[in-house]
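Reproduced below: coords.cif, with mmCIF, C-alpha atoms.
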```cif
data_start
loop_
_atom_site.label_atom_id
_atom_site.label_comp_id
_atom_site.auth_asym_id
_atom_site.auth_seq_id
_atom_site.Cartn_x
_atom_site.Cartn_y
_atom_site.Cartn_z
CA MET A 6 0.54 -11.54 24.72
CA SER A 7 2.97 -13.72 22.81
CA LYS A 8 6.58 -14.24 23.77
CA ALA A 9 7.47 -10.52 23.44
CA SER A 10 10.51 -11.99 21.85
CA VAL A 11 13.47 -10.82 19.89
CA TYR A 12 12.70 -13.41 17.21
CA SER A 13 10.81 -12.65 14.03
CA SER A 14 7.53 -14.42 13.43
CA PRO A 15 7.34 -17.15 10.78
CA GLY A 16 5.09 -14.96 8.68
CA PHE A 17 2.22 -17.45 8.35
CA ASP A 18 -1.07 -17.64 10.19
CA PHE A 19 -1.73 -20.98 11.86
CA SER A 20 -5.00 -20.10 13.57
CA ASN A 21 -7.00 -22.70 11.60
CA LEU A 22 -4.61 -25.50 12.44
CA VAL A 23 -6.56 -27.04 15.35
CA ARG A 24 -9.79 -26.98 13.35
CA ASN A 25 -8.14 -28.52 10.29
CA ASN A 26 -6.53 -31.29 12.33
CA PHE A 27 -9.89 -32.05 13.95
CA LEU A 28 -11.63 -32.26 10.56
CA HIS A 29 -8.87 -34.44 9.17
CA GLU A 30 -9.16 -36.85 12.07
CA LYS A 31 -12.89 -37.05 11.46
CA GLY A 32 -12.15 -38.14 7.91
CA LEU A 33 -12.36 -35.02 5.76
CA PRO A 34 -9.65 -35.13 3.06
CA LEU A 35 -7.31 -32.17 3.21
CA PRO A 36 -6.95 -30.20 -0.06
CA LYS A 37 -3.72 -30.94 -1.89
CA ALA A 38 -1.69 -28.21 -3.54
CA THR A 39 -1.68 -28.75 -7.29
CA SER A 40 1.76 -29.48 -8.66
CA THR A 41 2.64 -28.69 -12.21
CA GLY A 42 4.24 -31.17 -14.56
CA THR A 43 7.46 -29.88 -16.03
CA THR A 44 10.65 -30.79 -17.76
CA ILE A 45 13.66 -28.76 -16.68
CA VAL A 46 17.26 -29.58 -17.53
CA GLY A 47 20.72 -28.16 -17.13
CA CYS A 48 24.10 -29.12 -18.46
CA VAL A 49 27.68 -27.95 -18.19
CA TYR A 50 29.66 -27.33 -21.36
CA LYS A 51 33.08 -25.94 -22.20
CA ASP A 52 32.38 -22.24 -21.57
CA GLY A 53 29.60 -22.42 -18.97
CA ILE A 54 26.07 -23.66 -18.42
CA VAL A 55 23.01 -24.27 -20.60
CA LEU A 56 19.63 -24.42 -18.87
CA GLY A 57 16.43 -25.53 -20.55
CA ALA A 58 12.74 -25.72 -19.66
CA ASP A 59 9.38 -26.37 -21.27
CA THR A 60 6.64 -23.74 -21.05
CA ARG A 61 3.44 -25.47 -19.97
CA ALA A 62 1.76 -24.82 -16.60
CA THR A 63 -1.04 -27.24 -15.68
CA GLU A 64 -3.83 -27.06 -13.14
CA GLY A 65 -4.95 -30.65 -12.71
CA ASP A 66 -5.94 -31.76 -16.22
CA ILE A 67 -6.15 -28.30 -17.73
CA VAL A 68 -3.32 -26.28 -19.23
CA ALA A 69 -3.31 -23.08 -17.23
CA ASP A 70 -0.56 -21.26 -19.12
CA LYS A 71 0.58 -22.25 -22.60
CA ASN A 72 3.72 -20.14 -22.54
CA CYS A 73 4.95 -19.56 -19.01
CA GLU A 74 8.52 -18.78 -18.04
CA LYS A 75 10.20 -21.35 -15.87
CA ILE A 76 13.74 -20.00 -15.95
CA HIS A 77 13.87 -17.47 -13.14
CA TYR A 78 16.40 -14.73 -12.54
CA ILE A 79 18.60 -14.99 -9.45
CA THR A 80 21.49 -12.71 -10.39
CA GLU A 81 23.04 -11.59 -13.64
CA SER A 82 25.05 -14.79 -14.08
CA ILE A 83 22.90 -17.19 -12.08
CA ARG A 84 19.54 -18.56 -13.20
CA CYS A 85 17.20 -21.09 -11.64
CA CYS A 86 14.65 -23.36 -13.33
CA GLY A 87 11.69 -24.32 -11.15
CA ALA A 88 9.48 -27.41 -11.12
CA GLY A 89 6.70 -28.26 -8.69
CA THR A 90 4.11 -25.83 -7.40
CA ALA A 91 4.42 -22.73 -9.58
CA ALA A 92 3.69 -20.20 -6.83
CA ASP A 93 6.27 -21.81 -4.56
CA THR A 94 9.03 -21.75 -7.17
CA GLU A 95 8.33 -18.15 -8.12
CA PHE A 96 8.17 -16.87 -4.59
CA THR A 97 11.23 -18.82 -3.46
CA THR A 98 13.37 -17.72 -6.39
CA ALA A 99 12.26 -14.10 -6.03
CA LEU A 100 13.07 -14.15 -2.31
CA ILE A 101 16.48 -15.69 -2.86
CA SER A 102 17.18 -13.24 -5.68
CA SER A 103 16.53 -10.33 -3.30
CA ASN A 104 18.66 -11.88 -0.61
CA MET A 105 21.48 -12.45 -3.09
CA GLU A 106 21.37 -8.83 -4.17
CA LEU A 107 21.57 -7.65 -0.56
CA HIS A 108 24.42 -10.05 0.06
CA THR A 109 26.29 -8.76 -3.01
CA LEU A 110 25.89 -5.18 -1.85
CA GLN A 111 27.16 -6.09 1.58
CA SER A 112 30.15 -8.17 0.48
CA GLY A 113 31.12 -6.13 -2.57
CA ARG A 114 31.96 -9.23 -4.59
CA LYS A 115 30.35 -10.99 -7.49
CA PRO A 116 27.78 -13.47 -6.17
CA ARG A 117 28.52 -17.19 -6.10
CA VAL A 118 26.27 -20.05 -7.06
CA VAL A 119 26.94 -21.90 -3.80
CA THR A 120 25.57 -18.92 -1.87
CA ALA A 121 22.27 -19.16 -3.69
CA MET A 122 22.25 -22.92 -3.27
CA THR A 123 22.83 -22.66 0.48
CA MET A 124 20.12 -20.05 0.92
CA LEU A 125 17.65 -22.16 -1.05
CA LYS A 126 18.42 -25.43 0.71
CA GLN A 127 18.25 -23.88 4.18
CA MET A 128 14.91 -22.30 3.44
CA LEU A 129 13.42 -25.47 1.92
CA PHE A 130 14.68 -27.61 4.81
CA ARG A 131 13.08 -25.25 7.31
CA TYR A 132 9.66 -25.82 5.66
CA GLN A 133 10.10 -29.59 5.69
CA GLY A 134 9.06 -30.10 2.09
CA HIS A 135 5.77 -28.21 2.37
CA VAL A 136 7.20 -25.63 -0.06
CA GLY A 137 6.93 -27.73 -3.24
CA ALA A 138 9.84 -26.33 -5.20
CA ALA A 139 12.23 -28.62 -7.11
CA LEU A 140 14.90 -26.43 -8.64
CA VAL A 141 17.78 -26.62 -11.08
CA LEU A 142 20.23 -23.88 -10.21
CA GLY A 143 23.06 -22.99 -12.55
CA GLY A 144 25.46 -20.16 -13.06
CA VAL A 145 28.98 -19.00 -13.62
CA ASP A 146 30.87 -17.13 -10.92
CA ALA A 147 34.46 -16.30 -10.08
CA THR A 148 35.23 -19.97 -9.36
CA GLY A 149 33.78 -21.32 -12.61
CA PRO A 150 30.49 -22.85 -13.82
CA HIS A 151 28.37 -24.76 -11.31
CA LEU A 152 25.14 -26.72 -11.65
CA PHE A 153 23.02 -27.89 -8.72
CA THR A 154 19.66 -29.50 -8.15
CA ILE A 155 17.63 -28.76 -5.03
CA HIS A 156 14.79 -31.06 -4.00
CA PRO A 157 11.73 -29.85 -2.04
CA HIS A 158 12.96 -31.25 1.26
CA GLY A 159 16.28 -29.47 1.00
CA SER A 160 18.74 -32.02 -0.38
CA THR A 161 21.09 -30.90 -3.12
CA ASP A 162 23.25 -32.54 -5.77
CA LYS A 163 26.14 -31.14 -7.75
CA LEU A 164 26.31 -32.77 -11.18
CA PRO A 165 27.42 -32.00 -14.74
CA TYR A 166 23.96 -32.65 -16.19
CA VAL A 167 20.62 -32.73 -14.37
CA THR A 168 16.92 -33.03 -15.08
CA MET A 169 13.90 -32.44 -12.82
CA GLY A 170 10.14 -32.55 -13.06
CA SER A 171 7.66 -35.09 -14.36
CA GLY A 172 9.44 -35.29 -17.73
CA SER A 173 12.83 -35.79 -16.13
CA LEU A 174 13.13 -39.44 -17.13
CA ALA A 175 12.57 -38.73 -20.81
CA ALA A 176 15.05 -35.86 -20.72
CA MET A 177 17.61 -37.83 -18.75
CA ALA A 178 17.46 -40.62 -21.33
CA VAL A 179 18.52 -38.11 -23.98
CA PHE A 180 21.28 -36.75 -21.76
CA GLU A 181 22.64 -40.15 -20.85
CA SER A 182 23.10 -41.10 -24.48
CA GLY A 183 24.27 -37.70 -25.72
CA TRP A 184 26.28 -35.87 -23.09
CA GLN A 185 30.05 -35.61 -23.36
CA PRO A 186 32.42 -33.46 -21.37
CA ASN A 187 33.69 -30.21 -22.97
CA MET A 188 31.02 -29.78 -25.61
CA ASP A 189 30.89 -26.53 -27.51
CA ARG A 190 27.96 -24.15 -27.47
CA ASP A 191 25.99 -25.53 -30.41
CA GLN A 192 26.34 -29.13 -29.34
CA ALA A 193 25.22 -28.31 -25.80
CA LEU A 194 22.27 -26.21 -26.99
CA ASN A 195 21.11 -28.92 -29.38
CA LEU A 196 21.37 -31.53 -26.64
CA VAL A 197 19.28 -29.41 -24.29
CA LYS A 198 16.69 -28.75 -26.98
CA ALA A 199 16.48 -32.47 -27.74
CA ALA A 200 16.08 -33.30 -24.05
CA ILE A 201 13.27 -30.81 -23.55
CA ALA A 202 11.60 -31.98 -26.75
CA ALA A 203 11.71 -35.53 -25.40
CA GLY A 204 9.96 -34.30 -22.27
CA ILE A 205 7.40 -32.33 -24.27
CA PHE A 206 6.41 -35.20 -26.53
CA ASN A 207 6.53 -38.04 -24.02
CA ASP A 208 5.14 -36.48 -20.85
CA LEU A 209 1.60 -35.17 -20.45
CA GLY A 210 2.57 -32.55 -17.92
CA SER A 211 5.10 -30.83 -20.19
CA GLY A 212 4.41 -29.18 -23.49
CA SER A 213 4.34 -26.10 -25.70
CA ASN A 214 7.71 -24.51 -26.41
CA VAL A 215 11.34 -24.84 -25.40
CA ASP A 216 13.09 -22.11 -23.41
CA ALA A 217 16.84 -22.06 -23.02
CA CYS A 218 19.44 -19.96 -21.27
CA VAL A 219 23.17 -19.95 -22.04
CA ILE A 220 25.35 -18.62 -19.22
CA THR A 221 29.04 -17.91 -19.70
CA ALA A 222 31.54 -15.98 -17.65
CA SER A 223 31.04 -12.83 -19.71
CA SER A 224 27.37 -12.91 -20.69
CA THR A 225 23.99 -14.50 -20.14
CA GLU A 226 21.78 -15.12 -23.12
CA MET A 227 18.12 -15.83 -22.51
CA LEU A 228 16.64 -17.69 -25.50
CA ARG A 229 12.92 -17.46 -24.94
CA ASN A 230 10.93 -19.86 -27.16
CA VAL A 231 14.05 -20.99 -28.96
CA GLU A 232 12.08 -23.88 -30.43
CA MET A 233 8.34 -23.99 -30.93
CA PRO A 234 7.39 -27.54 -31.94
CA ASN A 235 3.71 -27.07 -31.10
CA VAL A 236 2.53 -24.22 -33.29
CA ARG A 237 -1.20 -24.38 -33.98
CA VAL A 238 -2.06 -25.19 -37.58
CA GLN A 239 -3.95 -22.67 -39.62
CA LYS A 240 -7.71 -23.19 -39.47
CA GLU A 241 -9.12 -24.78 -42.60
CA ARG A 242 -12.35 -22.82 -42.59
CA ASP A 243 -12.61 -19.08 -42.41
CA TYR A 244 -15.32 -16.79 -41.06
CA LYS A 245 -14.61 -13.88 -43.36
CA PHE A 246 -16.64 -13.41 -46.52
CA ARG A 247 -14.76 -13.08 -49.75
CA ARG A 248 -14.73 -9.60 -51.25
CA GLY A 249 -17.42 -9.55 -53.88
CA THR A 250 -19.79 -11.98 -52.14
CA THR A 251 -22.42 -9.29 -52.13
CA ALA A 252 -22.33 -6.24 -54.32
CA TRP A 253 -22.80 -2.95 -52.57
CA LYS A 254 -24.96 -0.36 -54.26
CA LYS A 255 -24.10 2.98 -52.72
CA GLU A 256 -21.19 4.50 -50.74
CA GLU A 257 -21.48 7.74 -48.79
CA VAL A 258 -18.91 9.15 -46.39
CA ARG A 259 -20.21 11.74 -43.98
CA SER A 260 -17.75 13.82 -42.02
CA LEU A 261 -18.81 14.30 -38.39
CA ILE A 262 -17.11 17.71 -38.22
CA THR A 263 -19.38 20.39 -39.70
CA GLU A 264 -17.38 23.50 -38.85
CA GLU A 265 -13.97 24.05 -37.24
CA SER A 266 -12.45 27.30 -35.96
CA VAL A 267 -9.52 27.95 -33.54
CA THR A 268 -9.92 30.55 -30.76
CA LEU A 269 -6.81 31.73 -28.87
CA LEU A 270 -7.49 32.06 -25.12
CA THR A 271 -6.30 35.25 -23.42
CA GLY A 272 -2.68 35.21 -22.34
CA GLY A 273 -1.74 32.30 -24.51
CA ASP A 274 0.55 29.73 -22.94
CA GLU A 275 2.19 31.73 -20.15
CA MET A 276 1.99 30.72 -16.54
CA ASP A 277 -0.58 32.55 -14.44
CA THR A 278 1.38 34.39 -11.72
CA SER A 279 -1.33 36.81 -10.60
CA MET B 27 24.04 -29.86 29.56
CA SER B 28 24.50 -27.55 26.62
CA SER B 29 22.44 -28.90 23.75
CA LEU B 30 23.61 -28.36 20.19
CA ARG B 31 20.19 -29.09 18.70
CA LEU B 32 19.74 -27.79 15.14
CA VAL B 33 16.04 -28.37 14.62
CA PRO B 34 13.20 -27.63 17.07
CA ALA B 35 12.14 -30.63 19.15
CA ASN B 36 8.72 -32.25 18.83
CA THR B 37 7.09 -31.29 22.11
CA THR B 38 4.20 -33.33 23.42
CA LYS B 39 0.79 -31.71 23.37
CA ALA B 40 -0.02 -29.49 26.34
CA ALA B 41 -3.71 -30.41 26.79
CA SER B 42 -5.24 -33.89 26.61
CA VAL B 43 -8.50 -35.60 27.46
CA GLN B 44 -6.99 -37.04 30.60
CA ASP B 45 -6.94 -33.62 32.22
CA THR B 46 -10.71 -33.32 32.34
CA LYS B 47 -11.86 -36.89 32.85
CA GLY B 48 -14.34 -37.85 35.57
CA SER B 49 -14.79 -41.20 37.21
CA PHE B 50 -15.83 -42.90 33.94
CA GLY B 51 -12.69 -41.85 32.11
CA LEU B 52 -14.61 -39.55 29.78
CA HIS B 53 -14.77 -35.79 29.64
CA ASP B 54 -16.55 -34.50 32.77
CA THR B 55 -18.95 -31.87 31.44
CA LEU B 56 -20.48 -31.10 34.82
CA GLN B 57 -17.21 -30.07 36.28
CA TYR B 58 -15.27 -28.65 33.34
CA GLY B 59 -17.87 -27.47 30.87
CA PRO B 60 -18.42 -28.57 27.29
CA ARG B 61 -15.69 -30.31 25.29
CA GLY B 62 -13.24 -28.09 23.47
CA LEU B 63 -11.36 -28.78 20.27
CA ALA B 64 -7.92 -28.18 21.69
CA VAL B 65 -8.06 -31.28 23.89
CA GLU B 66 -9.77 -33.47 21.30
CA ILE B 67 -7.00 -33.40 18.74
CA LYS B 68 -4.51 -36.21 18.97
CA SER B 69 -1.97 -34.85 16.55
CA GLN B 70 0.39 -31.95 17.21
CA GLY B 71 0.91 -29.03 14.86
CA SER B 72 4.40 -30.02 13.86
CA LEU B 73 5.05 -27.50 11.09
CA LYS B 74 3.70 -24.67 13.19
CA ASP B 75 5.95 -25.49 16.16
CA ARG B 76 8.92 -26.01 13.88
CA LEU B 77 8.56 -22.64 12.18
CA GLU B 78 7.82 -20.72 15.35
CA ASN B 79 10.74 -22.19 17.25
CA TRP B 80 13.21 -22.24 14.37
CA GLU B 81 14.99 -18.98 15.00
CA GLU B 82 15.10 -19.61 18.73
CA THR B 83 16.69 -23.03 18.27
CA GLN B 84 19.32 -21.71 15.87
CA ASP B 85 20.04 -18.90 18.28
CA ASN B 86 20.44 -21.30 21.20
CA LEU B 87 22.86 -23.32 19.12
CA LYS B 88 24.99 -20.26 18.40
CA LEU B 89 24.99 -19.18 22.03
CA ASN B 90 25.95 -22.66 23.18
CA LEU B 91 28.81 -22.80 20.72
CA GLN B 92 29.97 -19.36 21.81
CA ARG B 93 29.90 -20.52 25.40
CA ASN B 94 31.86 -23.66 24.60
CA VAL B 95 34.51 -21.82 22.62
CA HIS B 96 34.93 -18.48 24.38
CA GLY B 97 33.52 -19.00 27.84
CA MET B 98 30.48 -17.94 29.78
CA HIS B 99 30.99 -14.22 29.26
CA LEU B 100 30.28 -14.10 25.56
CA PRO B 101 26.65 -15.29 25.50
CA MET B 102 25.99 -13.12 28.51
CA ARG B 103 27.29 -10.04 26.74
CA VAL B 104 25.29 -10.85 23.61
CA LEU B 105 22.08 -11.29 25.57
CA MET B 106 22.77 -8.13 27.53
CA GLU B 107 23.17 -6.12 24.33
CA ARG B 108 19.96 -7.52 22.98
CA LYS B 109 18.07 -6.69 26.12
CA LEU B 110 19.35 -3.13 26.08
CA VAL B 111 18.16 -2.68 22.54
CA ALA B 112 14.88 -4.54 22.68
CA THR B 113 12.79 -2.02 24.63
CA GLN B 114 10.40 -0.80 21.98
CA PRO B 115 9.26 2.81 22.12
CA ASN B 116 5.77 2.11 20.84
CA PHE B 117 4.76 5.52 19.61
CA MET B 118 1.04 5.62 20.44
CA GLY B 119 0.10 2.09 19.64
CA SER B 120 2.25 1.12 16.68
CA LEU B 121 0.45 3.12 14.04
CA MET B 122 3.55 3.24 11.94
CA GLY B 123 4.56 -0.32 12.72
CA THR B 124 7.25 -1.59 15.03
CA SER B 125 10.66 -2.01 13.45
CA ASN B 126 13.69 -2.19 15.63
CA VAL B 127 16.74 -1.68 13.43
CA HIS B 128 19.26 -2.17 16.23
CA LEU B 129 17.68 -5.43 17.20
CA ASP B 130 17.76 -6.58 13.58
CA VAL B 131 21.45 -5.76 13.34
CA LEU B 132 22.23 -7.65 16.55
CA MET B 133 20.18 -10.64 15.52
CA GLY B 134 21.88 -10.73 12.13
CA ARG B 135 18.80 -10.20 10.00
CA ASP B 136 19.34 -6.62 8.83
CA GLU B 137 20.54 -7.70 5.40
CA THR B 138 18.06 -10.51 4.69
CA ILE B 139 14.45 -10.64 3.62
CA GLU B 140 12.21 -13.30 5.12
CA PRO B 141 8.66 -14.37 4.27
CA ALA B 142 7.59 -12.52 7.42
CA ASP B 143 8.69 -9.25 5.82
CA VAL B 144 6.58 -9.97 2.77
CA PHE B 145 3.48 -11.31 4.48
CA LEU B 146 3.34 -8.69 7.19
CA GLY B 147 0.10 -7.32 8.48
CA MET B 148 -1.44 -10.07 10.59
CA ASP B 149 0.73 -9.62 13.61
CA SER B 150 0.02 -5.93 14.01
CA GLY B 151 -0.67 -6.16 17.74
CA HIS B 152 -3.85 -5.96 19.77
CA PRO B 153 -5.91 -2.77 19.66
CA VAL B 154 -6.70 -2.94 23.39
CA ASP B 155 -3.06 -2.35 24.14
CA VAL B 156 -3.36 1.33 23.26
CA ARG B 157 -5.20 2.06 26.51
CA LYS B 158 -2.83 0.02 28.59
CA GLU B 159 0.06 1.71 26.88
CA PHE B 160 -1.34 5.16 27.60
CA GLU B 161 -2.03 4.25 31.22
CA ARG B 162 1.51 3.08 31.59
CA ARG B 163 2.78 6.30 30.17
CA TYR B 164 0.46 8.48 32.22
CA ASN B 165 1.57 6.81 35.43
CA LEU B 166 5.11 7.36 34.34
#
```

Using structure tokens, write down the structure from this file.
Amino acid sequence: MSKASVYSSPGFDFSNLVRNNFLHEKGLPLPKATSTGTTIVGCVYKDGIVLGADTRATEGDIVADKNCEKIHYITESIRCCGAGTAADTEFTTALISSNMELHTLQSGRKPRVVTAMTMLKQMLFRYQGHVGAALVLGGVDATGPHLFTIHPHGSTDKLPYVTMGSGSLAAMAVFESGWQPNMDRDQALNLVKAAIAAGIFNDLGSGSNVDACVITASSTEMLRNVEMPNVRVQKERDYKFRRGTTAWKKEEVRSLITEESVTLLTGGDEMDTS
Amino acid sequence: MSSLRLVPANTTKAASVQDTKGSFGLHDTLQYGPRGLAVEIKSQGSLKDRLENWEETQDNLKLNLQRNVHGMHLPMRVLMERKLVATQPNFMGSLMGTSNVHLDVLMGRDETIEPADVFLGMDSGHPVDVRKEFERRYNL
């Protein structure tokens, strides 16, 4: 019997570990988790935060999802963009969202962005980087707007504008030349759209459409597919035949109902209380 | 003496080839039987040990800090309360699952959700224990 302990189990099954280590030492390559290319950005403006993300999920060289959602819900005024392994980011953000809700119910106060950041960084540090989730966390709470990045090993940064993912360099180039403090909403949204577009067009792992999310102290506006620079063109050829290609000779409509009569069952609609 | 370690230590592997070697320095099959995988592996399961010992290490840290700040009595009281609460009334072999709310409250995890809560089901206990459990209760 195991420790019979007061501690909870880690939740994962390690029974294949000895076998896998043996095979690895004999030279068998271990399977790598596929990581998705992404461009995610966030920036602080006068009234709050704007987050942006592309919408392509890749599986090696294939596009697995042309229009996935990378801006995840943490609380009403806090959102988190996720890059890295898609399953890891979704599970981590869902877990932290549940924990934040429980924490809010227990404390009775509006949740803070630093709480979510601390929960995320402690969890990612515990897994030593094996949970491949690189996150951009942003939100507005009682102390103001905050923007953080969290790397897979658990380190965090607090910055006024951040980018993560494989397209982060292209997006950061746009930010570095365009960001100013105290922008208004339209300027900030245009800057974020330009940064994500730079990632979409210059990075193979990012593509499809632009998602954005504008968070202020009073409201959160989720702008799904705010810009769609990759709409498929209309096909030049068509499979339909033009009306009049062949002439039809005869038209006959046959009704499948030959006779119809309504019979009322005994008692009608009343409940049977016999 | 009191260690304020935050992260579980890398322990050295328990079994090694040197335990079963004969006069040639190789595994002595005649005496110990065929070679097993557990002694062949050179590397340790570092993530596994880290995750399994994580909560225990954090708990030891808290108890050590409590001892340093408040004195010996406080960790003793905390451990006493846990021990009182941790006897699990396993109603006929954990058909409905074992969940000890008092223990969760004392350990501070009654208002959090962990991956273990989501991925439950593997650690549901051994089926042989039902007989042992019944024997224990019958002799009671």

* To do: State, in Å with one decimal place, the distance from CA of Asp146 in chain A to CA of Arg117 in chain A.
  =>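 CA of Asp146 in chain A sits 5.4 Å away from CA of Arg117 in chain A.
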
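Distance check against chain A using all atoms listed in the file: of B:Val127, B:Met98, B:Ala112, B:Ala35, the minimum falls on B:Ala112.
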
* Write out as a ChimeraX atom specification each polymer residue whose atoms come within 10 Å of Lys74 in chain B, counting all atoms listed in the file; drop sequence neighbours fewer than 6 positions from it. => /A:15,17-20,22,132 /B:80

* Name the residues that the PyMOL selection byres ((chain B) within 6 of (chain A)) picks from the file above, as a list in words, using the file's chain letters and numbers. =>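 The output of the PyMOL selection byres ((chain B) within 6 of (chain A)) on this file is Ile67, Leu77, Glu78, Thr138, Pro141, Ala142 and Phe145 of chain B.
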
* At what distance in Å, to one decimal, does CA of Pro157 in chain A lie from CA of Arg229 in chain A? -> 26.1 Å

* Asked: Any idea what's packed within 10 Å of Thr225 in chain A, counting all atoms listed in the file, ignoring anything in its chain fewer than 6 positions away? Could you give it as JSON, numbers by chain?
  -> {"A": [53, 54, 55, 81, 82, 83, 84, 144, 145, 218, 219]}

* To do: Could you tell me which residues the PyMOL selection byres ((chain B and resi 126) around 10) grabs in this file, written as a PyMOL selection string?
  => (chain A and resi 11) or (chain B and resi 111-115+123-125+127-131+136)

* Asked: Quick one, how far is CA of Gly212 in chain A from CA of Leu228 in chain A?
  ->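 So the answer is 16.9 Å.
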
* **Contact residues around Met169 in chain A with all atoms listed in the file at 9 Å, ignoring same-chain residues under 3 positions, as a PyMOL selection string** => chain A and resi 43-46+87-88+139-141+154+156+172-174+176-177

* **Output of the PyMOL selection byres ((chain A and resi 189-204) around 6), listed as a VMD selection string** => chain A and resid 44 51 172 175 to 176 179 188 205 to 208

Find the residues near Leu91 in chain B: any atom within 9 Å, counting all atoms listed in the file, skip ones fewer than 4 places away on the same chain, and give them as a short mmCIF file (atom, residue, chain, number, x, y, z; two decimals) with C-alpha atoms, in the frame of the given file.
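Output below, filename around_9.cif:
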```cif
data_model
loop_
_atom_site.label_atom_id
_atom_site.label_comp_id
_atom_site.auth_asym_id
_atom_site.auth_seq_id
_atom_site.Cartn_x
_atom_site.Cartn_y
_atom_site.Cartn_z
CA SER B 28 24.50 -27.55 26.62
CA LEU B 30 23.61 -28.36 20.19
CA ASN B 86 20.44 -21.30 21.20
CA LEU B 87 22.86 -23.32 19.12
CA VAL B 95 34.51 -21.82 22.62
CA HIS B 96 34.93 -18.48 24.38
#
```
